[in-house]
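The structure file model_25.tsv is reproduced below (TSV, N, CA and C atoms).
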chain	number	residue	atom	x	y	z
A	99	MET	N	-4.61	54.48	2.97
A	99	MET	CA	-4.99	53.52	1.95
A	99	MET	C	-3.87	52.51	1.76
A	100	THR	N	-4.24	51.24	1.59
A	100	THR	CA	-3.24	50.19	1.38
A	100	THR	C	-2.76	50.24	-0.07
A	101	LYS	N	-1.59	49.66	-0.29
A	101	LYS	CA	-1.01	49.65	-1.63
A	101	LYS	C	-1.88	48.80	-2.57
A	102	LEU	N	-2.09	49.30	-3.75
A	102	LEU	CA	-2.92	48.64	-4.75
A	102	LEU	C	-2.06	47.66	-5.56
A	103	ALA	N	-2.59	46.45	-5.77
A	103	ALA	CA	-1.88	45.45	-6.59
A	103	ALA	C	-1.72	45.98	-8.02
A	104	SER	N	-0.68	45.55	-8.70
A	104	SER	CA	-0.42	46.06	-10.05
A	104	SER	C	-1.11	45.26	-11.15
A	105	HIS	N	-1.53	44.03	-10.85
A	105	HIS	CA	-2.21	43.18	-11.83
A	105	HIS	C	-3.49	42.63	-11.24
A	106	TRP	N	-4.53	42.50	-12.10
A	106	TRP	CA	-5.84	42.05	-11.67
A	106	TRP	C	-6.44	41.09	-12.68
A	107	THR	N	-7.27	40.17	-12.18
A	107	THR	CA	-8.01	39.23	-13.03
A	107	THR	C	-9.49	39.46	-12.82
A	108	SER	N	-10.22	39.60	-13.91
A	108	SER	CA	-11.66	39.81	-13.87
A	108	SER	C	-12.38	38.46	-13.88
A	109	SER	N	-13.48	38.37	-13.13
A	109	SER	CA	-14.24	37.11	-13.11
A	109	SER	C	-15.02	36.91	-14.41
A	110	ALA	N	-15.26	37.99	-15.13
A	110	ALA	CA	-15.95	37.93	-16.43
A	110	ALA	C	-15.16	38.78	-17.42
A	111	PRO	N	-15.19	38.44	-18.69
A	111	PRO	CA	-14.43	39.22	-19.67
A	111	PRO	C	-14.82	40.70	-19.67
A	112	GLN	N	-13.82	41.56	-19.72
A	112	GLN	CA	-13.97	43.01	-19.83
A	112	GLN	C	-13.17	43.41	-21.06
A	113	LEU	N	-13.79	44.06	-22.02
A	113	LEU	CA	-13.13	44.42	-23.29
A	113	LEU	C	-12.57	43.17	-23.97
A	114	GLY	N	-13.20	42.02	-23.71
A	114	GLY	CA	-12.77	40.76	-24.32
A	114	GLY	C	-11.58	40.11	-23.64
A	115	CYS	N	-11.17	40.62	-22.48
A	115	CYS	CA	-10.00	40.09	-21.77
A	115	CYS	C	-10.32	39.85	-20.31
A	116	ARG	N	-9.47	39.06	-19.63
A	116	ARG	CA	-9.64	38.79	-18.21
A	116	ARG	C	-8.47	39.30	-17.37
A	117	HIS	N	-7.29	39.49	-17.97
A	117	HIS	CA	-6.09	39.90	-17.21
A	117	HIS	C	-5.71	41.34	-17.55
A	118	PHE	N	-5.47	42.13	-16.50
A	118	PHE	CA	-5.21	43.55	-16.64
A	118	PHE	C	-4.04	43.99	-15.76
A	119	ARG	N	-3.44	45.11	-16.13
A	119	ARG	CA	-2.45	45.74	-15.27
A	119	ARG	C	-2.88	47.17	-15.02
A	120	VAL	N	-2.53	47.68	-13.85
A	120	VAL	CA	-2.89	49.04	-13.48
A	120	VAL	C	-1.99	50.01	-14.23
A	121	VAL	N	-2.60	50.99	-14.90
A	121	VAL	CA	-1.87	52.01	-15.64
A	121	VAL	C	-1.75	53.27	-14.78
A	122	THR	N	-2.87	53.69	-14.20
A	122	THR	CA	-2.86	54.89	-13.37
A	122	THR	C	-4.04	54.87	-12.40
A	123	VAL	N	-3.92	55.66	-11.36
A	123	VAL	CA	-4.97	55.80	-10.34
A	123	VAL	C	-5.22	57.28	-10.14
A	124	GLY	N	-6.47	57.66	-9.91
A	124	GLY	CA	-6.77	59.07	-9.71
A	124	GLY	C	-8.00	59.27	-8.84
A	125	GLY	N	-8.37	60.53	-8.67
A	125	GLY	CA	-9.54	60.88	-7.87
A	125	GLY	C	-9.20	60.94	-6.39
A	126	LYS	N	-10.21	61.33	-5.59
A	126	LYS	CA	-10.03	61.44	-4.15
A	126	LYS	C	-11.22	60.83	-3.44
A	127	GLY	N	-10.96	60.27	-2.27
A	127	GLY	CA	-12.03	59.72	-1.43
A	127	GLY	C	-12.85	58.66	-2.14
A	128	SER	N	-14.18	58.80	-2.05
A	128	SER	CA	-15.07	57.81	-2.67
A	128	SER	C	-15.09	57.90	-4.19
A	129	GLU	N	-14.49	58.94	-4.72
A	129	GLU	CA	-14.44	59.12	-6.19
A	129	GLU	C	-13.13	58.61	-6.80
A	130	ARG	N	-12.35	57.83	-6.04
A	130	ARG	CA	-11.09	57.29	-6.59
A	130	ARG	C	-11.41	56.32	-7.72
A	131	TRP	N	-10.59	56.34	-8.74
A	131	TRP	CA	-10.75	55.45	-9.88
A	131	TRP	C	-9.40	54.85	-10.25
A	132	VAL	N	-9.46	53.81	-11.05
A	132	VAL	CA	-8.26	53.14	-11.53
A	132	VAL	C	-8.42	52.90	-13.03
A	133	GLU	N	-7.32	53.07	-13.74
A	133	GLU	CA	-7.33	52.80	-15.18
A	133	GLU	C	-6.51	51.54	-15.42
A	134	LEU	N	-7.15	50.58	-16.08
A	134	LEU	CA	-6.53	49.28	-16.34
A	134	LEU	C	-6.28	49.09	-17.83
A	135	GLU	N	-5.26	48.31	-18.13
A	135	GLU	CA	-4.89	47.98	-19.50
A	135	GLU	C	-4.93	46.46	-19.66
A	136	PRO	N	-5.70	45.94	-20.61
A	136	PRO	CA	-5.69	44.48	-20.83
A	136	PRO	C	-4.31	44.03	-21.29
A	137	LEU	N	-3.81	42.95	-20.72
A	137	LEU	CA	-2.48	42.48	-21.09
A	137	LEU	C	-2.39	42.06	-22.55
A	138	LEU	N	-3.48	41.53	-23.10
A	138	LEU	CA	-3.45	41.07	-24.49
A	138	LEU	C	-3.85	42.15	-25.50
A	139	LYS	N	-4.37	43.28	-25.01
A	139	LYS	CA	-4.77	44.38	-25.89
A	139	LYS	C	-4.32	45.70	-25.26
A	140	PRO	N	-3.02	45.96	-25.22
A	140	PRO	CA	-2.51	47.13	-24.50
A	140	PRO	C	-2.94	48.48	-25.06
A	141	SER	N	-3.55	48.50	-26.22
A	141	SER	CA	-4.01	49.78	-26.78
A	141	SER	C	-5.35	50.20	-26.18
A	142	LEU	N	-6.03	49.29	-25.46
A	142	LEU	CA	-7.32	49.59	-24.85
A	142	LEU	C	-7.14	50.02	-23.40
A	143	ARG	N	-8.14	50.73	-22.86
A	143	ARG	CA	-8.13	51.15	-21.46
A	143	ARG	C	-9.50	50.92	-20.86
A	144	LEU	N	-9.53	50.55	-19.59
A	144	LEU	CA	-10.76	50.37	-18.83
A	144	LEU	C	-10.63	51.19	-17.56
A	145	ARG	N	-11.52	52.16	-17.37
A	145	ARG	CA	-11.49	52.98	-16.16
A	145	ARG	C	-12.72	52.64	-15.33
A	146	LEU	N	-12.49	52.35	-14.05
A	146	LEU	CA	-13.60	52.06	-13.16
A	146	LEU	C	-13.30	52.55	-11.75
A	147	LYS	N	-14.35	52.66	-10.95
A	147	LYS	CA	-14.19	53.12	-9.58
A	147	LYS	C	-13.37	52.10	-8.81
A	148	LEU	N	-12.53	52.58	-7.93
A	148	LEU	CA	-11.70	51.71	-7.11
A	148	LEU	C	-12.56	50.75	-6.29
A	149	SER	N	-13.71	51.21	-5.85
A	149	SER	CA	-14.61	50.36	-5.06
A	149	SER	C	-15.06	49.14	-5.88
A	150	LEU	N	-15.25	49.28	-7.18
A	150	LEU	CA	-15.63	48.15	-8.03
A	150	LEU	C	-14.48	47.17	-8.17
A	151	LEU	N	-13.26	47.69	-8.27
A	151	LEU	CA	-12.09	46.84	-8.39
A	151	LEU	C	-11.89	46.01	-7.12
A	152	ARG	N	-12.28	46.53	-6.00
A	152	ARG	CA	-12.13	45.81	-4.73
A	152	ARG	C	-13.26	44.81	-4.46
A	153	ASP	N	-14.23	44.72	-5.36
A	153	ASP	CA	-15.33	43.75	-5.22
A	153	ASP	C	-14.80	42.37	-5.60
A	154	ARG	N	-14.66	41.50	-4.63
A	154	ARG	CA	-14.06	40.17	-4.86
A	154	ARG	C	-14.91	39.25	-5.72
A	155	GLN	N	-16.17	39.60	-5.91
A	155	GLN	CA	-17.03	38.82	-6.82
A	155	GLN	C	-16.68	39.11	-8.28
A	156	GLN	N	-16.12	40.30	-8.53
A	156	GLN	CA	-15.82	40.72	-9.90
A	156	GLN	C	-14.34	40.71	-10.23
A	157	TRP	N	-13.50	40.97	-9.24
A	157	TRP	CA	-12.06	41.12	-9.48
A	157	TRP	C	-11.24	40.40	-8.43
A	158	CYS	N	-10.09	39.87	-8.85
A	158	CYS	CA	-9.15	39.21	-7.95
A	158	CYS	C	-7.77	39.79	-8.22
A	159	SER	N	-7.06	40.17	-7.16
A	159	SER	CA	-5.73	40.75	-7.38
A	159	SER	C	-4.77	39.67	-7.85
A	160	GLY	N	-3.85	40.06	-8.71
A	160	GLY	CA	-2.88	39.13	-9.28
A	160	GLY	C	-3.38	38.54	-10.58
A	161	LEU	N	-2.51	37.78	-11.21
A	161	LEU	CA	-2.86	37.11	-12.47
A	161	LEU	C	-3.24	35.68	-12.12
A	162	GLN	N	-4.54	35.42	-12.11
A	162	GLN	CA	-5.07	34.12	-11.73
A	162	GLN	C	-5.34	33.28	-12.98
A	163	ALA	N	-5.23	31.97	-12.83
A	163	ALA	CA	-5.58	31.07	-13.93
A	163	ALA	C	-7.08	31.17	-14.18
A	164	VAL	N	-7.46	31.19	-15.44
A	164	VAL	CA	-8.87	31.29	-15.81
A	164	VAL	C	-9.27	29.98	-16.46
A	165	VAL	N	-10.29	29.35	-15.90
A	165	VAL	CA	-10.81	28.09	-16.45
A	165	VAL	C	-12.20	28.37	-16.99
A	166	GLU	N	-12.35	28.26	-18.28
A	166	GLU	CA	-13.66	28.46	-18.91
A	166	GLU	C	-14.47	27.18	-18.72
A	167	THR	N	-15.69	27.32	-18.23
A	167	THR	CA	-16.53	26.15	-17.98
A	167	THR	C	-17.62	25.97	-19.03
A	168	GLU	N	-17.70	26.85	-20.00
A	168	GLU	CA	-18.72	26.74	-21.04
A	168	GLU	C	-18.47	25.47	-21.85
A	169	GLY	N	-19.49	24.65	-22.00
A	169	GLY	CA	-19.36	23.42	-22.76
A	169	GLY	C	-18.72	22.30	-21.97
A	170	PHE	N	-18.46	22.53	-20.69
A	170	PHE	CA	-17.83	21.52	-19.84
A	170	PHE	C	-18.90	20.61	-19.26
A	171	SER	N	-18.65	19.32	-19.30
A	171	SER	CA	-19.58	18.35	-18.73
A	171	SER	C	-19.00	17.85	-17.41
A	172	PRO	N	-19.57	18.23	-16.26
A	172	PRO	CA	-19.00	17.83	-14.98
A	172	PRO	C	-19.02	16.33	-14.74
A	173	THR	N	-19.87	15.59	-15.43
A	173	THR	CA	-19.93	14.14	-15.26
A	173	THR	C	-18.90	13.43	-16.12
A	174	GLY	N	-18.28	14.18	-17.01
A	174	GLY	CA	-17.30	13.56	-17.89
A	174	GLY	C	-17.95	12.75	-19.00
A	175	ASP	N	-19.24	12.90	-19.20
A	175	ASP	CA	-19.97	12.14	-20.21
A	175	ASP	C	-19.63	12.65	-21.60
A	176	THR	N	-18.83	11.87	-22.31
A	176	THR	CA	-18.44	12.26	-23.66
A	176	THR	C	-18.98	11.25	-24.68
A	177	THR	N	-19.98	10.47	-24.27
A	177	THR	CA	-20.51	9.46	-25.19
A	177	THR	C	-21.18	10.12	-26.38
A	178	GLU	N	-20.94	9.53	-27.52
A	178	GLU	CA	-21.57	10.01	-28.74
A	178	GLU	C	-22.75	9.14	-29.06
A	179	GLN	N	-23.68	9.68	-29.77
A	179	GLN	CA	-24.84	8.92	-30.15
A	179	GLN	C	-24.43	7.85	-31.16
A	180	GLN	N	-24.86	6.61	-30.89
A	180	GLN	CA	-24.50	5.52	-31.79
A	180	GLN	C	-25.40	5.53	-33.01
A	181	PRO	N	-24.88	5.12	-34.17
A	181	PRO	CA	-25.71	5.01	-35.37
A	181	PRO	C	-26.85	4.02	-35.12
A	182	ALA	N	-27.98	4.21	-35.80
A	182	ALA	CA	-29.17	3.40	-35.61
A	182	ALA	C	-28.90	1.90	-35.82
A	183	ALA	N	-27.97	1.54	-36.71
A	183	ALA	CA	-27.68	0.15	-37.02
A	183	ALA	C	-27.05	-0.57	-35.82
A	184	GLU	N	-26.35	0.16	-34.93
A	184	GLU	CA	-25.66	-0.45	-33.81
A	184	GLU	C	-26.52	-0.51	-32.56
A	185	ARG	N	-27.68	0.11	-32.53
A	185	ARG	CA	-28.53	0.12	-31.33
A	185	ARG	C	-29.22	-1.16	-31.10

Please, can you express the file's structure as structure tokens?
Amino acid sequence: MTKLASHWTSSAPQLGCRHFRVVTVGGKGSERWVELEPLLKPSLRLRLKLSLLRDRQQWCSGLQAVVETEGFSPTGDTTEQQPAAER
């Protein structure tokens, strides 16, 4: 088995966070699991199968920048509606 990265970024919030560090690893074979700790909420723990952590659609090794796109307008259209008197 290759060495596991110590920090991970989730593609979607988990326990309200996106950045985690590995606390411990356990299990054998296909039952291996990893326990993660959110960097901003160290009192919480997230345990999941190692196979899920290796899913690149859900997790990326390292601490990656997270850009929230909710409410983002790709056209840059920030025009406000004009009052009726100015139309």

Query raised in the report: If you run DSSP on the backbone, which residues of region 100-174 of chain A are strand (DSSP E), as a PyMOL selection string?
Result: chain A and resi 105-112+115-124+131-136+144-147+157-159

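In this model, the gap between atom C of Arg119 (chain A) and CA of Val164 (chain A) comes to 17.0 Å.
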
Query raised in the report: Taking only C-alpha atoms into account, which of A:Val165, A:Leu138, A:Gly160, A:Lys147 comes nearest Cys115 (chain A)?
Result: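 The answer is A:Leu138, which sits nearest to Cys115 (chain A).
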
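Counting only N, CA and C atoms and comparing A:Arg152, A:Val120, A:Gly127, A:Ser141, the residue that lies closest to Ala103 (chain A) is A:Val120.
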
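From atom C of Lys139 (chain A) back to CA of Lys101 (chain A), the distance works out to 24.2 Å.
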
Requested in this report: In Å, rounded to a single decimal, give me how far atom N of Thr100 (chain A) is from atom C of Ala163 (chain A).
Outcome: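 Value for the atom C of Ala163 (chain A)-atom N of Thr100 (chain A) distance: 25.7 Å.
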
Leu144 (chain A) surroundings by all atoms listed in the file, 8 Å radius, close-in-sequence under 2 positions cut, as a PDB file with N, CA and C atoms, in the frame of the given file:
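Output file selection_33.pdb follows:
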ATOM      1  N   GLN A 112     -13.820  41.560 -19.720  1.00  0.00           N
ATOM      2  CA  GLN A 112     -13.970  43.010 -19.830  1.00  0.00           C
ATOM      3  C   GLN A 112     -13.170  43.410 -21.060  1.00  0.00           C
ATOM      4  N   LEU A 113     -13.790  44.060 -22.020  1.00  0.00           N
ATOM      5  CA  LEU A 113     -13.130  44.420 -23.290  1.00  0.00           C
ATOM      6  C   LEU A 113     -12.570  43.170 -23.970  1.00  0.00           C
ATOM      7  N   VAL A 132      -9.460  53.810 -11.050  1.00  0.00           N
ATOM      8  CA  VAL A 132      -8.260  53.140 -11.530  1.00  0.00           C
ATOM      9  C   VAL A 132      -8.420  52.900 -13.030  1.00  0.00           C
ATOM     10  N   GLU A 133      -7.320  53.070 -13.740  1.00  0.00           N
ATOM     11  CA  GLU A 133      -7.330  52.800 -15.180  1.00  0.00           C
ATOM     12  C   GLU A 133      -6.510  51.540 -15.420  1.00  0.00           C
ATOM     13  N   LEU A 134      -7.150  50.580 -16.080  1.00  0.00           N
ATOM     14  CA  LEU A 134      -6.530  49.280 -16.340  1.00  0.00           C
ATOM     15  C   LEU A 134      -6.280  49.090 -17.830  1.00  0.00           C
ATOM     16  N   GLU A 135      -5.260  48.310 -18.130  1.00  0.00           N
ATOM     17  CA  GLU A 135      -4.890  47.980 -19.500  1.00  0.00           C
ATOM     18  C   GLU A 135      -4.930  46.460 -19.660  1.00  0.00           C
ATOM     19  N   PRO A 136      -5.700  45.940 -20.610  1.00  0.00           N
ATOM     20  CA  PRO A 136      -5.690  44.480 -20.830  1.00  0.00           C
ATOM     21  C   PRO A 136      -4.310  44.030 -21.290  1.00  0.00           C
ATOM     22  N   SER A 141      -3.550  48.500 -26.220  1.00  0.00           N
ATOM     23  CA  SER A 141      -4.010  49.780 -26.780  1.00  0.00           C
ATOM     24  C   SER A 141      -5.350  50.200 -26.180  1.00  0.00           C
ATOM     25  N   LEU A 142      -6.030  49.290 -25.460  1.00  0.00           N
ATOM     26  CA  LEU A 142      -7.320  49.590 -24.850  1.00  0.00           C
ATOM     27  C   LEU A 142      -7.140  50.020 -23.400  1.00  0.00           C
ATOM     28  N   LEU A 146     -12.490  52.350 -14.050  1.00  0.00           N
ATOM     29  CA  LEU A 146     -13.600  52.060 -13.160  1.00  0.00           C
ATOM     30  C   LEU A 146     -13.300  52.550 -11.750  1.00  0.00           C
ATOM     31  N   LYS A 147     -14.350  52.660 -10.950  1.00  0.00           N
ATOM     32  CA  LYS A 147     -14.190  53.120  -9.580  1.00  0.00           C
ATOM     33  C   LYS A 147     -13.370  52.100  -8.810  1.00  0.00           C
TER      34      LYS A 147
END
